[in-house]
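One structure is given here, and the rest of the page talks about it.
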Amino acid sequence: MWPQRFFRRTRGEPDPVQYDESYYLASQWQLVWRKFRRHRLAMFSLLVIAFLYSLALFAEFYSINDHQQRNVKYAKAPPQILYFVDDDGAFHLVPFIYDLKQELDMDTLQRNYTEDRSKRYHLRFFVEGQPYKLLGLVETNIHLVGVDEPGVYFPFGTDNLGRDLYSRTMFAARISLSIGVLGVVISFGLGCFIGGVSGYFGGTVDLVIQRVIEFIISIPQIPLWIALAAALPAEWSSIQVYFGITIVLATVGWTTLARAVRGKLLELREADFVMAARISNMGDFDIIVKHLLPSFASFLIVVLSLSVPGMILAETALSFLEIGIRPPAVSWGVLLQDAQNIRSLSQSPWLLIPGLFVIVTVLAFNFLGDGLRDAADPYKQ
């Protein structure tokens with residue numbers, strides 16, 4: 001028995017002998033939560049996702065500069081380094097930055113930035129800056145960090161027009177992360193409804209729906225996305241394009257879920273609790289929504305969590321190809337457009353920083369989905 005105990009402990013699972021009475025009295029969701037908490041990587045990913053969404057929700061507060069403000073004087077400026085020790089070896093509890101000094105290379109006509117060690121600016125917290133409305137309701141001008149004027153601070157550097165890449169990344173997270181959730185909610189509703197109807201009624205209805213799904217799946221996704229996105233009117237505003245892209249992604253993202261829901265309903269539609277619901281004169285729609293779908297809700301939650309990164313990657317790809325979100329709106333895909341040119345990328349590698357946020361977000365959602373998948377069956381050891 002001791003090898004089994006050892007491996008259970010390495011996986012974070014308790015010994016069966018350690019279960020108390022509360023374990024046997026707990027509900028299904030309480031058991032799922034208990035098992036999910038023991039998946040440390042999934043819990044850490046949940047914290048990362050919560051942090052990313054807090055950045056998106058309070059982008060104005062976390063930003064340092066106006067994300068649309070152009071400063072030609074600091075075009076293509078590199079990320080500034082925070083220091084705790086100055087040139088004299090003195091330690092500073094509050095980090096500081098050195099002033100940026102620009103020099104023009106007369107041979108290559110390239111701008112080179114160096115640190116002016118004679119001027120340093122300490123990082124300030126909860127500083128006054130560009131006024132904004134927090135959550136669109138509360139007017140304020142307080143930002144998380146900043147430096148005193150005339151100093152400037154660019155943690156991620158600047159783009160070709162001198163715009164702060166850090167602040168633009170914060171605002172881009174708002175569109176990229178929200179379009180992932182909104183697109184998944186729409187495709188999730190379509191997948192559950194169409195798959196539920198197909199699996200519950202069967203026959204001719206199931207045959208027609210499955211042929212439509214097979215037709216959609218047979219079309220290559222990227223060309224289909226490009227065709228649907230290109231159909232959006234050029235005169236649409238950024239908000240209209242945002243919702244248009246969301247609908248485009250949701251239109252082709254429901255097929256996999258619909259097939260999974262169909263399979264589950266084919267398995268459960270003859271179960272005893274379904275027959276009891278029919279005998280009690282409950283409607284077909286109520287049986288699907290109130291009985292069949294909740295019976296495998298844990299599976300649906302796993303699918304939901306794993307679908308979000310796919311939507312984020314799809315939006316990033318469309319915007320990177322310049323057929324998705326359009327400037328002046330910013331998303332991570334829009335920011336990565338500046339990294340298409342290999343020459344610009346070789347001179348300004350920090351333009352790829354928004355891509356790191358995409359990678360971290362996708363990995364976090366995948367790890368979260370793994371944890372939810374393991375916890376979906378709390379009785380399995």
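By order of appearance in the structure tokens: chains A, B, ..., then residues from 1 within every chain, and ligands from 1 in the order shown.
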**Request:** Using DSSP on the backbone coordinates, identify all residues within range 77-183 of chain A classified as strand (DSSP E or B); present the result as a PyMOL selection string.
**Result:** chain A and resi 83-85+91-105+110-134+138-147+158+164
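Omitting Thr114 in chain A and its sequence neighbours fewer than 4 positions away, and counting only C-alpha atoms, the residues within 9 Å are A:Asp99, A:Leu100, A:Lys101, A:Gln102, A:Glu103.
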**Complete:** Shortest contact to Asp338 in chain A, candidates A:Ala42, A:Leu165, A:Ala229, A:Leu123, atoms counted only C-alpha atoms, goes to A:Leu165
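Ranking A:Phe243, A:Phe296, A:Phe154, A:Tyr132 by their shortest atom-to-atom distance to Gln80 in chain A, with only C-alpha atoms included, puts A:Phe154 first.
Computed from the coordinates, the CA of Pro78 in chain A to CA of Pro150 in chain A distance equals 18.1 Å.
Straight-line separation from CA of Thr256 in chain A to CA of Gly195 in chain A: 9.3 Å.
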**Request:** If you run DSSP over the backbone, which residues in range 118-341 of chain A end up helix (DSSP H, G or I)? Put them as a PyMOL selection string.
**Result:** chain A and resi 165-201+203-218+221-230+238-251+255-268+272-279+284-295+297-320+332-339
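Reported to one decimal place, the separation of CA of Asp286 in chain A from CA of Phe299 in chain A is 19.8 Å.
Minimum atom-to-atom distance to Ala230 in chain A, evaluated using only C-alpha atoms, belongs to A:Arg326 out of A:His67, A:Lys35, A:Arg326, A:Lys76.
With distances restricted to only C-alpha atoms, A:Asp159 is the closest residue to Gln68 in chain A from A:Glu214, A:Asp159, A:Glu270, A:Glu235.
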**Prompt:** In terms of the shortest atom-to-atom distance over only C-alpha atoms, which of A:Ile97, A:Leu265, A:Val252, A:Ala77 is closest to Leu351 in chain A?
**Reply:** A:Ala77
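The smallest atom-to-atom distance between Gly162 in chain A and any of A:Phe365, A:Phe44, A:Tyr53, A:Tyr74, using only C-alpha atoms, is found for A:Tyr74.
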**Message:** I'd like the contact shell of Ile239 in chain A - 12 Å cut-off, only C-alpha atoms, skipping same-chain residues fewer than 2 positions apart - returned as a PyMOL selection string.
**Reply:** chain A and resi 175+179+235-237+241-246+324-330
Can you write out the residues you just picked, keeping C-alpha atoms, as a CSV table (one decimal), in the first residue's frame?
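Full text of out34.csv as output:
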chain,number,residue,atom,x,y,z
A,175,ILE,CA,-10.2,43.8,-26.6
A,179,ILE,CA,-13.4,39.0,-27.6
A,235,GLU,CA,-16.7,52.2,-43.2
A,236,TRP,CA,-17.6,50.5,-39.9
A,237,SER,CA,-16.4,52.0,-36.7
A,241,VAL,CA,-15.7,45.9,-36.3
A,242,TYR,CA,-15.2,44.5,-32.8
A,243,PHE,CA,-18.6,43.0,-32.6
A,244,GLY,CA,-18.4,41.9,-36.2
A,245,ILE,CA,-15.2,40.0,-35.6
A,246,THR,CA,-16.7,38.4,-32.5
A,324,GLY,CA,-9.4,41.9,-37.9
A,325,ILE,CA,-9.6,44.7,-35.4
A,326,ARG,CA,-8.6,48.0,-37.1
A,327,PRO,CA,-6.7,51.0,-35.7
A,328,PRO,CA,-7.2,53.2,-33.8
A,329,ALA,CA,-8.6,50.3,-31.7
A,330,VAL,CA,-5.8,48.1,-30.3
